[in-house]
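Contents: one structure, followed by commentary.
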Amino acid sequence: MAVVFFVLTSAIAVHAQDKDQQPDPISQKIAALRWEQGGSGAKGSIGSIASVGIPGDHGFLGDSDTSKFLQLAGNPPRKDHYLIAPKALSWFAIFNFDETGYVKDDEKINASELLSTIKSSDEAGNKERKRLGLPTIYTEGWAVEPHYEPSTKRLEWGLRLRDEQGQYVVNYTTRLLGRTGVMEATLVTAPETLTKDVAEFRKVLTGFDYNGGYRYSEFKQGDKVAAYGLAALVLGGAAAVATKKGFWAVLGGFFAAGWKFIIAAFVALGAGIGKIFKRGKATE
């Protein structure tokens, strides 16, 4: 089943600190994660499927540490997820691969219909989030409507979300089509910095590449073909076509447990988050 992200990270809100202040406990735990440091030639492996270059002043987390990061953010643990972020943690992006098969890219996208479907899942999704002890989240609308770029095989969109405290966040999501499935990459940022952070995120994505044998252009007759197209990717891939299991039950629980997260307050002033990467320097 595909996984789509919305990140609720109020639990790891980092407050501005004076240089002489000690980091708060959650900052210390984040610092203890095994951050791979960026620089010339540095790459983060996304399983055996792909890799992404780690620019200078950025860090990368492998799957186990990304799961710990998400738990620190008050979310369920996740397997086979990978994270990249600038040292200031002003934004972060999470990668994971959905081995659904080759997704044909000839489908037209109706943004209005998709938004209505996503909003309709809020009630069921929030019931599941409450059951899991997670805060509720509401879909406000598109920050960026879904659009597909054939030359790069990328599907992108941005959703504006609101948490129960009235705080807003934008999740800018990119789907990078491959031969055997789709790489899901989600940027988590604040609405007021969306334009700047999307530009930075896109620069990071120029360093992304599938490993040999996994590229979209390497499709061969006989390869598995996904049962859905581009529009379903926005709704969560396989979850969006699981009608035999009960569409709303599947989709509502999926939205709740799998892909509604919000970033609430990453503030990196003074020594704050910058110290995380200095003290947390390590390799996988």
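Each chain in the structure tokens gets a letter, A, B and so on, in the order shown; residues start at 1 in every chain, and ligands are counted from 1 in the order they appear.
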
As a count of residues only, please: every residue in segment 124-173 of chain A that DSSP puts in strand (DSSP E or B).
29

Mind the document's chain letters and residue numbers, and return as a CSV table (one decimal) with N, CA and C atoms, in the first residue's frame the residues of segment 96-244 of chain A that DSSP labels helix (DSSP H, G or I).
chain,number,residue,atom,x,y,z
A,111,ALA,N,-8.2,18.3,-10.1
A,111,ALA,CA,-7.8,18.7,-8.8
A,111,ALA,C,-9.0,18.9,-7.9
A,112,SER,N,-10.1,19.4,-8.4
A,112,SER,CA,-11.3,19.7,-7.6
A,112,SER,C,-11.8,18.4,-7.0
A,113,GLU,N,-12.0,17.4,-7.8
A,113,GLU,CA,-12.5,16.1,-7.4
A,113,GLU,C,-11.6,15.5,-6.3
A,114,LEU,N,-10.3,15.6,-6.6
A,114,LEU,CA,-9.3,15.0,-5.6
A,114,LEU,C,-9.4,15.7,-4.3
A,115,LEU,N,-9.5,17.0,-4.3
A,115,LEU,CA,-9.6,17.7,-3.0
A,115,LEU,C,-10.9,17.3,-2.2
A,116,SER,N,-12.0,17.2,-2.9
A,116,SER,CA,-13.2,16.8,-2.3
A,116,SER,C,-13.1,15.4,-1.6
A,117,THR,N,-12.4,14.5,-2.3
A,117,THR,CA,-12.2,13.2,-1.8
A,117,THR,C,-11.3,13.2,-0.5
A,118,ILE,N,-10.3,14.0,-0.6
A,118,ILE,CA,-9.4,14.1,0.6
A,118,ILE,C,-10.1,14.7,1.8
A,119,LYS,N,-10.8,15.8,1.5
A,119,LYS,CA,-11.5,16.4,2.6
A,119,LYS,C,-12.6,15.5,3.2
A,120,SER,N,-13.2,14.7,2.4
A,120,SER,CA,-14.2,13.7,2.9
A,120,SER,C,-13.6,12.7,3.8
A,122,ASP,N,-11.4,13.3,6.2
A,122,ASP,CA,-11.0,13.9,7.4
A,122,ASP,C,-11.7,13.3,8.6
A,123,GLU,N,-13.0,13.1,8.5
A,123,GLU,CA,-13.8,12.7,9.7
A,123,GLU,C,-13.4,11.3,10.1
A,124,ALA,N,-13.3,10.3,9.1
A,124,ALA,CA,-12.9,9.0,9.4
A,124,ALA,C,-11.5,8.9,9.8
A,125,GLY,N,-10.6,9.7,9.2
A,125,GLY,CA,-9.2,9.8,9.5
A,125,GLY,C,-9.0,10.3,10.9
A,126,ASN,N,-9.7,11.3,11.4
A,126,ASN,CA,-9.5,11.8,12.7
A,126,ASN,C,-10.0,10.9,13.8
A,127,LYS,N,-11.1,10.1,13.5
A,127,LYS,CA,-11.5,9.1,14.4
A,127,LYS,C,-10.4,8.1,14.7
A,128,GLU,N,-9.7,7.7,13.6
A,128,GLU,CA,-8.6,6.8,13.8
A,128,GLU,C,-7.4,7.4,14.5
A,129,ARG,N,-7.1,8.7,14.2
A,129,ARG,CA,-6.1,9.4,14.9
A,129,ARG,C,-6.3,9.5,16.4
A,130,LYS,N,-7.6,9.8,16.8
A,130,LYS,CA,-8.0,9.8,18.2
A,130,LYS,C,-7.8,8.5,18.9
A,131,ARG,N,-8.1,7.4,18.1
A,131,ARG,CA,-8.0,6.1,18.7
A,131,ARG,C,-6.5,5.8,18.9
A,191,PRO,N,3.7,27.3,5.9
A,191,PRO,CA,3.1,28.0,4.8
A,191,PRO,C,3.9,29.3,4.4
A,192,GLU,N,4.4,30.0,5.4
A,192,GLU,CA,5.1,31.3,5.1
A,192,GLU,C,6.4,31.1,4.4
A,193,THR,N,7.0,29.9,4.5
A,193,THR,CA,8.3,29.7,3.8
A,193,THR,C,8.2,28.7,2.7
A,194,LEU,N,7.0,28.4,2.2
A,194,LEU,CA,6.8,27.4,1.2
A,194,LEU,C,7.6,27.6,-0.1
A,195,THR,N,7.5,28.8,-0.6
A,195,THR,CA,8.2,29.1,-1.9
A,195,THR,C,9.7,28.9,-1.8
A,196,LYS,N,10.3,29.4,-0.8
A,196,LYS,CA,11.7,29.2,-0.6
A,196,LYS,C,12.1,27.8,-0.3
A,197,ASP,N,11.3,27.1,0.5
A,197,ASP,CA,11.7,25.7,0.8
A,197,ASP,C,11.4,24.7,-0.3
A,198,VAL,N,10.4,25.0,-1.1
A,198,VAL,CA,10.2,24.2,-2.3
A,198,VAL,C,11.3,24.3,-3.2
A,199,ALA,N,11.8,25.5,-3.4
A,199,ALA,CA,13.0,25.7,-4.3
A,199,ALA,C,14.2,25.0,-3.8
A,200,GLU,N,14.4,25.0,-2.5
A,200,GLU,CA,15.5,24.2,-1.9
A,200,GLU,C,15.3,22.7,-2.1
A,201,PHE,N,14.1,22.3,-1.8
A,201,PHE,CA,13.8,20.9,-2.0
A,201,PHE,C,14.0,20.4,-3.4
A,202,ARG,N,13.6,21.2,-4.4
A,202,ARG,CA,13.8,20.8,-5.7
A,202,ARG,C,15.3,20.7,-6.1
A,203,LYS,N,16.1,21.5,-5.5
A,203,LYS,CA,17.5,21.4,-5.7
A,203,LYS,C,18.0,20.1,-5.2
A,204,VAL,N,17.5,19.7,-4.0
A,204,VAL,CA,17.9,18.4,-3.4
A,204,VAL,C,17.5,17.3,-4.4
A,205,LEU,N,16.3,17.4,-5.0
A,205,LEU,CA,15.8,16.3,-5.8
A,205,LEU,C,16.6,16.2,-7.1
A,216,TYR,N,12.4,4.5,-14.7
A,216,TYR,CA,11.1,4.5,-15.5
A,216,TYR,C,11.4,4.1,-16.9
A,217,SER,N,12.5,4.6,-17.5
A,217,SER,CA,12.8,4.4,-18.9
A,217,SER,C,13.2,2.9,-19.1
A,218,GLU,N,13.5,2.2,-18.1
A,218,GLU,CA,13.9,0.8,-18.3
A,218,GLU,C,12.8,-0.2,-18.3
A,230,LEU,N,-2.2,8.3,-12.2
A,230,LEU,CA,-1.6,9.5,-11.5
A,230,LEU,C,-2.6,10.0,-10.4
A,231,ALA,N,-3.9,10.1,-10.7
A,231,ALA,CA,-4.8,10.6,-9.7
A,231,ALA,C,-4.8,9.8,-8.4
A,232,ALA,N,-4.8,8.5,-8.5
A,232,ALA,CA,-4.8,7.7,-7.3
A,232,ALA,C,-3.6,7.8,-6.5
A,233,LEU,N,-2.5,8.2,-7.1
A,233,LEU,CA,-1.3,8.5,-6.3
A,233,LEU,C,-1.5,9.6,-5.3
A,234,VAL,N,-2.3,10.6,-5.7
A,234,VAL,CA,-2.5,11.7,-4.8
A,234,VAL,C,-3.4,11.3,-3.6
A,235,LEU,N,-4.2,10.2,-3.8
A,235,LEU,CA,-5.1,9.7,-2.8
A,235,LEU,C,-4.5,8.6,-2.0
A,237,GLY,N,-2.5,5.9,-3.6
A,237,GLY,CA,-2.2,4.7,-4.4
A,237,GLY,C,-3.2,3.6,-4.2
A,238,ALA,N,-2.7,2.4,-3.7
A,238,ALA,CA,-3.5,1.2,-3.6
A,238,ALA,C,-4.7,1.5,-2.6
A,239,ALA,N,-4.6,2.3,-1.6
A,239,ALA,CA,-5.7,2.6,-0.7
A,239,ALA,C,-6.9,3.2,-1.4
A,240,ALA,N,-6.6,3.9,-2.5
A,240,ALA,CA,-7.6,4.6,-3.2
A,240,ALA,C,-8.5,3.7,-4.1
A,241,VAL,N,-8.0,2.5,-4.3
A,241,VAL,CA,-8.7,1.6,-5.2
A,241,VAL,C,-9.2,0.3,-4.4
A,243,THR,N,-11.7,-0.8,-3.0
A,243,THR,CA,-13.1,-0.7,-2.8
A,243,THR,C,-13.7,-2.0,-2.2
A,244,LYS,N,-13.1,-3.1,-2.5
A,244,LYS,CA,-13.7,-4.4,-2.0
A,244,LYS,C,-13.5,-4.4,-0.5

Which residues, written as a list in words, have at least one atom at most 12 Å from Thr206 of chain A, with only C-alpha atoms counted and residues fewer than 5 positions away on the same chain left out?
Ser51, Val52, Gly53, Ile54, Pro55, Thr152, Arg154, Leu176, Ala199, Glu200 and Phe201 of chain A

Neighbouring residues of Arg175 of chain A were defined as those with any atom within 8 Å, considering only C-alpha atoms; residues of the same chain fewer than 3 positions away were excluded. Please report them as a ChimeraX atom specification.
/A:154-156,182-185,233

Emit the selected residues as a PDB file, in the first residue's frame, including N, CA and C atoms.
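Written file, out.pdb:
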ATOM      1  N   ARG A 154       7.736  13.337 -12.743  1.00  0.00           N
ATOM      2  CA  ARG A 154       7.407  13.760 -11.376  1.00  0.00           C
ATOM      3  C   ARG A 154       5.976  14.275 -11.290  1.00  0.00           C
ATOM      4  N   LEU A 155       5.262  13.794 -10.302  1.00  0.00           N
ATOM      5  CA  LEU A 155       3.938  14.300  -9.951  1.00  0.00           C
ATOM      6  C   LEU A 155       4.090  15.070  -8.645  1.00  0.00           C
ATOM      7  N   GLU A 156       3.616  16.320  -8.612  1.00  0.00           N
ATOM      8  CA  GLU A 156       3.806  17.159  -7.430  1.00  0.00           C
ATOM      9  C   GLU A 156       2.502  17.841  -7.039  1.00  0.00           C
ATOM     10  N   VAL A 182       6.906   3.622  -7.225  1.00  0.00           N
ATOM     11  CA  VAL A 182       6.962   5.081  -7.095  1.00  0.00           C
ATOM     12  C   VAL A 182       7.719   5.462  -5.834  1.00  0.00           C
ATOM     13  N   MET A 183       8.687   6.370  -5.969  1.00  0.00           N
ATOM     14  CA  MET A 183       9.352   6.939  -4.806  1.00  0.00           C
ATOM     15  C   MET A 183       8.515   8.106  -4.315  1.00  0.00           C
ATOM     16  N   GLU A 184       8.167   8.059  -3.044  1.00  0.00           N
ATOM     17  CA  GLU A 184       7.347   9.099  -2.444  1.00  0.00           C
ATOM     18  C   GLU A 184       8.262  10.022  -1.641  1.00  0.00           C
ATOM     19  N   ALA A 185       8.260  11.283  -1.973  1.00  0.00           N
ATOM     20  CA  ALA A 185       9.100  12.269  -1.292  1.00  0.00           C
ATOM     21  C   ALA A 185       8.222  13.427  -0.846  1.00  0.00           C
ATOM     22  N   LEU A 233      -2.464   8.243  -7.089  1.00  0.00           N
ATOM     23  CA  LEU A 233      -1.257   8.489  -6.299  1.00  0.00           C
ATOM     24  C   LEU A 233      -1.479   9.616  -5.302  1.00  0.00           C
TER      25      LEU A 233
END

List the spatial neighbours of Ile94 of chain A as a PDB file with C-alpha atoms, in the first residue's frame - criterion: any atom at most 12 Å away, only C-alpha atoms, same-chain residues fewer than 4 positions off excluded.
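And here's part-v1.pdb as it stands now:
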ATOM      1  CA  VAL A   3       2.103   5.849   1.880  1.00  0.00           C
ATOM      2  CA  VAL A   4       1.514   9.581   1.639  1.00  0.00           C
ATOM      3  CA  PHE A   5       2.665  11.966   4.351  1.00  0.00           C
ATOM      4  CA  PHE A   6       1.333  14.868   6.379  1.00  0.00           C
ATOM      5  CA  VAL A   7       3.551  15.506   9.390  1.00  0.00           C
ATOM      6  CA  ILE A  46      17.267   4.879  -0.020  1.00  0.00           C
ATOM      7  CA  VAL A  52      20.001  11.107  -3.055  1.00  0.00           C
ATOM      8  CA  PHE A  60      20.398  12.383   6.182  1.00  0.00           C
ATOM      9  CA  LEU A  61      18.844   9.673   8.341  1.00  0.00           C
ATOM     10  CA  GLY A  62      18.574   5.990   7.491  1.00  0.00           C
ATOM     11  CA  ASP A  63      15.398   4.019   7.983  1.00  0.00           C
ATOM     12  CA  ASP A  65      16.634   6.652  12.702  1.00  0.00           C
ATOM     13  CA  THR A  66      13.899   8.169  10.555  1.00  0.00           C
ATOM     14  CA  SER A  67      11.417   5.966  12.404  1.00  0.00           C
ATOM     15  CA  PHE A  69      12.536  10.835  14.432  1.00  0.00           C
ATOM     16  CA  LEU A  70       8.875  10.322  13.549  1.00  0.00           C
ATOM     17  CA  ARG A  78       7.648   3.643  10.083  1.00  0.00           C
ATOM     18  CA  LYS A  79       9.833   1.095   8.306  1.00  0.00           C
ATOM     19  CA  ASP A  80      11.871   1.805   5.181  1.00  0.00           C
ATOM     20  CA  HIS A  81      11.551   5.583   5.406  1.00  0.00           C
ATOM     21  CA  TYR A  82      14.457   8.008   4.981  1.00  0.00           C
ATOM     22  CA  LEU A  83      14.863  11.677   5.894  1.00  0.00           C
ATOM     23  CA  ILE A  84      16.890  14.600   4.587  1.00  0.00           C
ATOM     24  CA  ALA A  85      16.951  18.100   6.082  1.00  0.00           C
ATOM     25  CA  ASN A 171       3.075  19.354   2.855  1.00  0.00           C
ATOM     26  CA  TYR A 172       4.597  19.512  -0.605  1.00  0.00           C
ATOM     27  CA  THR A 173       4.560  16.033  -2.054  1.00  0.00           C
ATOM     28  CA  THR A 174       6.524  14.650  -4.995  1.00  0.00           C
ATOM     29  CA  ARG A 175       6.079  11.258  -6.626  1.00  0.00           C
ATOM     30  CA  MET A 183       9.352   6.939  -4.806  1.00  0.00           C
ATOM     31  CA  GLU A 184       7.347   9.099  -2.444  1.00  0.00           C
ATOM     32  CA  ALA A 185       9.100  12.269  -1.292  1.00  0.00           C
ATOM     33  CA  THR A 186       7.292  14.699   0.991  1.00  0.00           C
ATOM     34  CA  LEU A 187       8.562  18.111   2.026  1.00  0.00           C
ATOM     35  CA  VAL A 188       7.259  19.308   5.397  1.00  0.00           C
ATOM     36  CA  THR A 189       7.363  23.058   5.884  1.00  0.00           C
ATOM     37  CA  PHE A 201      13.787  20.865  -1.954  1.00  0.00           C
ATOM     38  CA  LEU A 205      15.828  16.331  -5.820  1.00  0.00           C
ATOM     39  CA  TRP A 259       0.017  10.082   6.147  1.00  0.00           C
ATOM     40  CA  PHE A 261       1.505  14.800   9.839  1.00  0.00           C
TER      41      PHE A 261
END

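Nearest-residue note for Pro25 of chain A: choosing from A:Leu72, A:Pro146, A:Ala88, A:Ala93, the minimum distance belongs to A:Leu72, counting only C-alpha atoms.
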
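Of note, atom CA of Asp24 of chain A and atom CA of Gln71 of chain A are spaced 16.4 Å apart.
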
Which residue of A:Lys68, A:Pro86, A:His147, A:Tyr214 approaches Lys108 of chain A most closely, using only C-alpha atoms:
A:His147

Can you list, as an mmCIF file with N, CA and C atoms, in the first residue's frame, every protein, DNA or RNA residue that comes within 7 Å of Thr100 of chain A when you count only C-alpha atoms, leaving out same-chain residues fewer than 3 positions away?
data_model
loop_
_atom_site.group_PDB
_atom_site.id
_atom_site.type_symbol
_atom_site.label_atom_id
_atom_site.label_comp_id
_atom_site.auth_asym_id
_atom_site.auth_seq_id
_atom_site.Cartn_x
_atom_site.Cartn_y
_atom_site.Cartn_z
ATOM 1 N N THR A 180 9.518 -0.099 -11.210
ATOM 2 C CA THR A 180 8.788 -1.084 -10.406
ATOM 3 C C THR A 180 7.866 -0.456 -9.376
ATOM 4 N N GLY A 181 7.799 0.853 -9.355
ATOM 5 C CA GLY A 181 6.947 1.522 -8.380
ATOM 6 C C GLY A 181 7.204 3.012 -8.350
ATOM 7 N N ALA A 226 0.958 -1.108 -12.464
ATOM 8 C CA ALA A 226 0.058 -0.747 -11.366
ATOM 9 C C ALA A 226 -1.388 -0.706 -11.844
#

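Between atom CA of Ile137 of chain A and atom CA of Phe97 of chain A lies a distance of 24.5 Å.
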